[in-house]
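S.K.: One structure, pasted below without further comment.
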Amino acid sequence: MPLFTTSAGWVTEEHQMFAEMADRFMKDELVPNLDRWNENGVVDRDMWHKAGDMGLMAGAIPEAYGGVGGGIGFDAVTLYTQASHGDSGWGYAIQTIVVHYINTYGSEDQKQKWLPRLASGEMVGALAMTEPGTGSDVQSIRTTADRDGNSYRLNGSKIFITNGQSADLILVACKTDKSQGSKGVSLIAVETEGAEGFRKGRNLKKLGMKANDTAELFFEDVKVPMTNLLGAEEGQGFYQMMKQLPWERLTIGIGALGAIDFAIAETVKYTQERKAFGQRVMDFQNTRFKLAECKTKAEVLRSFVNDCIARLEAGTLDAATASMVKYWGSEVQNEVMHECLQLFGGYGFMMEYPIARLYADARVQMIYGGTNEIMKELIARSLDT
C-alpha cells in the first residue's frame, strides 16, 4: 500500500498522477544507478537535472518561480517514492527543506533568483547548521557573520552537511550578534561558485547512506552580500529554524515509511523463493509472524505520517507531533530493518542484497534532524505545561 492512498485526506487526483510520474522516473533513472552511486560516494549531477526536467522538485514551488504551484504534499510524494525504491542517497530531502526556507522567508529578489534554479536542478541546496561541537544544540553555534560595508564576512566550520560536495547554494546558520544567544542567530545564503575563502572538506566516510555526499565545510572570511540574509532583519534564524523543523522531521518519517515498504516487499519476495529444510522460508510460522508484525507497524506509521502531512498542509502540525513522527518513524524503521535482515539469513549480511544497505542507511535516521533523545524531550515538554 503506497503512502498516497485515496483514504488520506490530503491526496488529490493531481497527487496520484504526480506519484505515477515519480514512480516511473525512479524506476528508469534512480534504480539502475544505485550501486554505482553508492560505490562513488555521490549521486550524478545529471540525476538532479533529469529530476528538474520532470518537475519532481518543483511540486510545492509557486508557478511564478518556475514551480508547479501545489502544496507540500507533492514534495511528500517525491520523498516517499524515492525511499520506496530503496534509496536514501539522492539528497532531495535537503533540497526541499532549502526550498521551503526560501519560499517562506526569502525576499522577492531571492525567490526570483534561487527558486527556479533549485526547481530545475541547476542548483543543489544544502543546510549548514551542525558544527563539530554543537550537534543538536543549534543555539550554541560558533560560526560568525560580521558586517563589512554592504557585506558579511563569514567565519567558522560546519560538519555532517548533506549535499556538502554538490551544493551550489548553502543556507548557513551563523551568529550575527554573539551577545544575544539564540536571538543573535541568522541564516545567510552562500552561493558557492567563486566564493573566496569557502572550502569543501573531504567526502566523509559513513556507516550508511554512502551515495549521499556528506562533507565538512569551512568559511574563512567569506564575503557574502547583505542581501543574502534570509528574512527582513538579523536575528531571525533560530525562529526560522524552529518553524521549519516540523517539515524537516516529517521528511524523516516519510523516508522511513518508504524504506519500510521497500524492505517488507523485498523480504516477502526472498522468503517466498528461498527454501530451507524442504520448504519455503515463508512457510515457517516465525517468518510469517515476523512479517505480520512488520506490516502492522508499517500501516500504523502510514496513518500517522498521512495525518501529519494533512496537518502540515493545513498549517496545524505542531513541533511536538513532528517530533513524534520523526522519533517513531525512525525507531520503527530500524526495528523493521533488523527483522527483515534476519529473515535473509547470511545473505542479509551481503551488500549485494539491498536489505544490507537499507539496514545501514536506517541507523542515522535516529540521529539527524535532532536525535531521538532530543525528540523525546520536546514531546515531554508539551506534556509538562
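By order in the C-alpha cells, chains are A, B, ...; within a chain, residues start at 1; ligands start at 1, following the order shown.
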Hey, what's within 12 Å of Gln342 of chain A if we count only C-alpha atoms and toss same-chain stuff fewer than 3 positions away? As a ChimeraX atom specification, please?
M.R.: /A:263,267,270-271,281,286-287,290-291,335-339,345-350,355-356,359
S.K.: Would you save the residues from that selection as a PDB file, in the first residue's frame, using C-alpha atoms?
M.R.:
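Ended up saving to out-v1.pdb:
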ATOM      1  CA  ALA A 263      12.194  -3.724   2.846  1.00  0.00           C
ATOM      2  CA  THR A 267      11.757  -9.758   2.270  1.00  0.00           C
ATOM      3  CA  TYR A 270      13.009 -13.516  -0.820  1.00  0.00           C
ATOM      4  CA  THR A 271      11.230 -15.740   1.719  1.00  0.00           C
ATOM      5  CA  VAL A 281      11.203 -19.805   4.361  1.00  0.00           C
ATOM      6  CA  ASN A 286       8.225 -17.461  12.720  1.00  0.00           C
ATOM      7  CA  THR A 287       8.703 -15.878   9.279  1.00  0.00           C
ATOM      8  CA  LYS A 290       7.628 -11.525  11.965  1.00  0.00           C
ATOM      9  CA  LEU A 291       6.401 -10.205   8.636  1.00  0.00           C
ATOM     10  CA  GLU A 335      13.112  -2.380  14.083  1.00  0.00           C
ATOM     11  CA  VAL A 336      11.774  -3.491  10.695  1.00  0.00           C
ATOM     12  CA  MET A 337      15.214  -3.476   9.057  1.00  0.00           C
ATOM     13  CA  HIS A 338      16.529  -5.644  11.885  1.00  0.00           C
ATOM     14  CA  GLU A 339      13.747  -8.212  11.479  1.00  0.00           C
ATOM     15  CA  GLY A 345      19.984 -15.190   6.937  1.00  0.00           C
ATOM     16  CA  GLY A 346      23.624 -14.981   5.848  1.00  0.00           C
ATOM     17  CA  TYR A 347      22.667 -13.269   2.597  1.00  0.00           C
ATOM     18  CA  GLY A 348      21.330 -10.351   4.605  1.00  0.00           C
ATOM     19  CA  PHE A 349      24.919  -9.568   5.573  1.00  0.00           C
ATOM     20  CA  MET A 350      25.989  -9.331   1.935  1.00  0.00           C
ATOM     21  CA  ILE A 355      18.451  -5.157   2.708  1.00  0.00           C
ATOM     22  CA  ALA A 356      22.044  -4.829   3.955  1.00  0.00           C
ATOM     23  CA  TYR A 359      19.879  -1.674   7.397  1.00  0.00           C
TER      24      TYR A 359
END
S.K.: Enumerate, in order of chain and increasing residue number, the residues of segment 208-276 of chain A with an atom no farther than 7 Å from segment 74-94 of chain A, each with its shortest atom pair and distance in Å to one decimal, counting only C-alpha atoms, as CSV.
M.R.:
residue,atom,partner,partner_atom,distance
A:Met209,CA,A:Gly89,CA,5.5
A:Lys210,CA,A:Gly89,CA,6.7
A:Ala211,CA,A:Gly89,CA,4.5
A:Asn212,CA,A:Gly89,CA,4.3
A:Thr251,CA,A:Ala93,CA,6.6
A:Ile254,CA,A:Tyr80,CA,5.7
A:Gly255,CA,A:Ala83,CA,5.4
A:Gly258,CA,A:Ser84,CA,4.1
A:Ala259,CA,A:Ala83,CA,5.0
A:Asp261,CA,A:Ser84,CA,6.1
A:Phe262,CA,A:Ser84,CA,5.0
S.K.: Could you write out that same residue set with C-alpha atoms as a PDB file, in the first residue's frame?
M.R.:
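That gives us again-v6.pdb:
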ATOM      1  CA  MET A 209      23.872   6.452   3.055  1.00  0.00           C
ATOM      2  CA  LYS A 210      27.104   6.088   1.129  1.00  0.00           C
ATOM      3  CA  ALA A 211      25.707   7.532  -2.111  1.00  0.00           C
ATOM      4  CA  ASN A 212      24.995  10.833  -0.412  1.00  0.00           C
ATOM      5  CA  THR A 251      10.609  14.201   5.838  1.00  0.00           C
ATOM      6  CA  ILE A 254       8.149   9.861   5.225  1.00  0.00           C
ATOM      7  CA  GLY A 255      11.510   8.412   4.237  1.00  0.00           C
ATOM      8  CA  GLY A 258       9.107   4.367   2.133  1.00  0.00           C
ATOM      9  CA  ALA A 259      12.149   2.362   3.209  1.00  0.00           C
ATOM     10  CA  ASP A 261       7.615  -0.635   2.479  1.00  0.00           C
ATOM     11  CA  PHE A 262      10.553  -1.493   0.223  1.00  0.00           C
TER      12      PHE A 262
END
S.K.: Write out as CSV a residue-level contact list of segment 125-198 of chain A versus segment 221-238 of chain A with cut-off 12 Å: for each qualifying residue the closest pair of atoms and the distance in Å to one decimal, counting only C-alpha atoms, rows sorted by chain and residue number upward.
M.R.:
residue,atom,partner,partner_atom,distance
A:Met129,CA,A:Gly237,CA,10.6
A:Asp137,CA,A:Phe238,CA,11.1
A:Val138,CA,A:Phe238,CA,8.0
A:Gln139,CA,A:Phe238,CA,7.5
A:Ser140,CA,A:Phe238,CA,10.9
A:Ile141,CA,A:Phe238,CA,10.8
A:Thr143,CA,A:Asp221,CA,10.9
A:Thr144,CA,A:Asp221,CA,9.7
A:Ala145,CA,A:Asp221,CA,8.9
A:Asp146,CA,A:Asp221,CA,9.2
A:Arg147,CA,A:Met226,CA,8.1
A:Asp148,CA,A:Lys223,CA,8.4
A:Gly149,CA,A:Met226,CA,8.8
A:Asn150,CA,A:Met226,CA,5.7
A:Ser151,CA,A:Pro225,CA,4.3
A:Tyr152,CA,A:Val224,CA,5.2
A:Arg153,CA,A:Lys223,CA,4.8
A:Leu154,CA,A:Val222,CA,4.9
A:Asn155,CA,A:Asp221,CA,5.4
A:Gly156,CA,A:Asp221,CA,8.8
A:Ser157,CA,A:Asp221,CA,11.4
A:Leu169,CA,A:Asn228,CA,10.7
A:Ile170,CA,A:Asn228,CA,10.7
A:Leu171,CA,A:Leu230,CA,8.5
A:Val172,CA,A:Gly237,CA,9.5
A:Ala173,CA,A:Gly237,CA,6.9
A:Cys174,CA,A:Gly237,CA,8.2
A:Lys175,CA,A:Gly235,CA,8.0
A:Thr176,CA,A:Glu234,CA,6.7
A:Asp177,CA,A:Gly235,CA,7.5
A:Lys178,CA,A:Gly235,CA,10.3
A:Ser179,CA,A:Gly235,CA,11.2
A:Gln180,CA,A:Gly235,CA,8.5
A:Gly181,CA,A:Gly235,CA,9.5
A:Ser182,CA,A:Phe238,CA,6.0
A:Lys183,CA,A:Gly235,CA,5.1
A:Gly184,CA,A:Gly235,CA,4.6
A:Val185,CA,A:Gly235,CA,4.9
A:Ser186,CA,A:Gly237,CA,3.9
A:Leu187,CA,A:Gly237,CA,5.0
A:Ile188,CA,A:Leu229,CA,4.5
A:Ala189,CA,A:Asn228,CA,5.2
A:Val190,CA,A:Val224,CA,6.6
A:Glu191,CA,A:Val224,CA,8.4
A:Thr192,CA,A:Val222,CA,9.9
A:Glu193,CA,A:Val222,CA,11.8
A:Gly194,CA,A:Val222,CA,10.3
A:Ala195,CA,A:Val222,CA,6.6
A:Glu196,CA,A:Val222,CA,5.9
A:Gly197,CA,A:Val222,CA,4.9
A:Phe198,CA,A:Val222,CA,6.0
S.K.: What is the atom CA of Val31 of chain A-atom CA of His100 of chain A distance in Å, reported with one decimal?
M.R.: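 If I compute the distance from atom CA of Val31 of chain A to atom CA of His100 of chain A, I get 27.0 Å.
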S.K.: Between atom CA of Trp328 of chain A and atom CA of Glu293 of chain A, what is the distance in Å, rounded to a tenth?
M.R.: 15.4 Å
S.K.: Which of segment 107-160 of chain A counts as strand (DSSP E) under DSSP, as a ChimeraX atom specification please?
M.R.: /A:125-128,144-148,151-160
S.K.: Hey, what's within 10 Å of Gly70 of chain A if we count only C-alpha atoms and toss same-chain stuff fewer than 6 positions away? As a short mmCIF file (atom, residue, chain, number, x, y, z; two decimals) with N, CA, C and O atoms, in the first residue's frame, please?
M.R.:
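Resulting contents of around.cif:
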data_model
loop_
_atom_site.label_atom_id
_atom_site.label_comp_id
_atom_site.auth_asym_id
_atom_site.auth_seq_id
_atom_site.Cartn_x
_atom_site.Cartn_y
_atom_site.Cartn_z
N GLU A 14 -4.39 15.01 -8.63
CA GLU A 14 -3.11 15.54 -9.10
C GLU A 14 -1.95 14.87 -8.37
O GLU A 14 -0.91 14.57 -8.99
N HIS A 15 -2.12 14.62 -7.09
CA HIS A 15 -1.07 13.92 -6.34
C HIS A 15 -0.85 12.51 -6.89
O HIS A 15 0.29 12.05 -7.01
N ALA A 58 9.71 20.55 -8.14
CA ALA A 58 9.01 21.83 -8.28
C ALA A 58 7.58 21.78 -7.76
O ALA A 58 6.86 22.76 -7.88
N GLY A 59 7.19 20.65 -7.16
CA GLY A 59 5.79 20.47 -6.80
C GLY A 59 5.22 21.55 -5.91
O GLY A 59 4.10 22.01 -6.12
N ALA A 60 5.97 21.99 -4.90
CA ALA A 60 5.46 22.96 -3.94
C ALA A 60 5.95 24.39 -4.20
O ALA A 60 5.66 25.30 -3.44
N ILE A 61 6.71 24.57 -5.28
CA ILE A 61 7.21 25.91 -5.62
C ILE A 61 6.15 26.64 -6.44
O ILE A 61 5.60 26.08 -7.39
N PRO A 62 5.84 27.89 -6.09
CA PRO A 62 4.83 28.65 -6.85
C PRO A 62 5.17 28.76 -8.33
O PRO A 62 6.35 28.78 -8.71
N GLU A 63 4.15 28.83 -9.14
CA GLU A 63 4.36 28.90 -10.59
C GLU A 63 5.19 30.12 -10.97
O GLU A 63 5.95 30.07 -11.95
#
S.K.: Measuring between only C-alpha atoms, which one of A:Gly9, A:Pro246, A:Gly253, A:Gly67 shows the shortest distance to Thr321 of chain A?
M.R.: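 Selected residue with least distance to Thr321 of chain A: A:Pro246.
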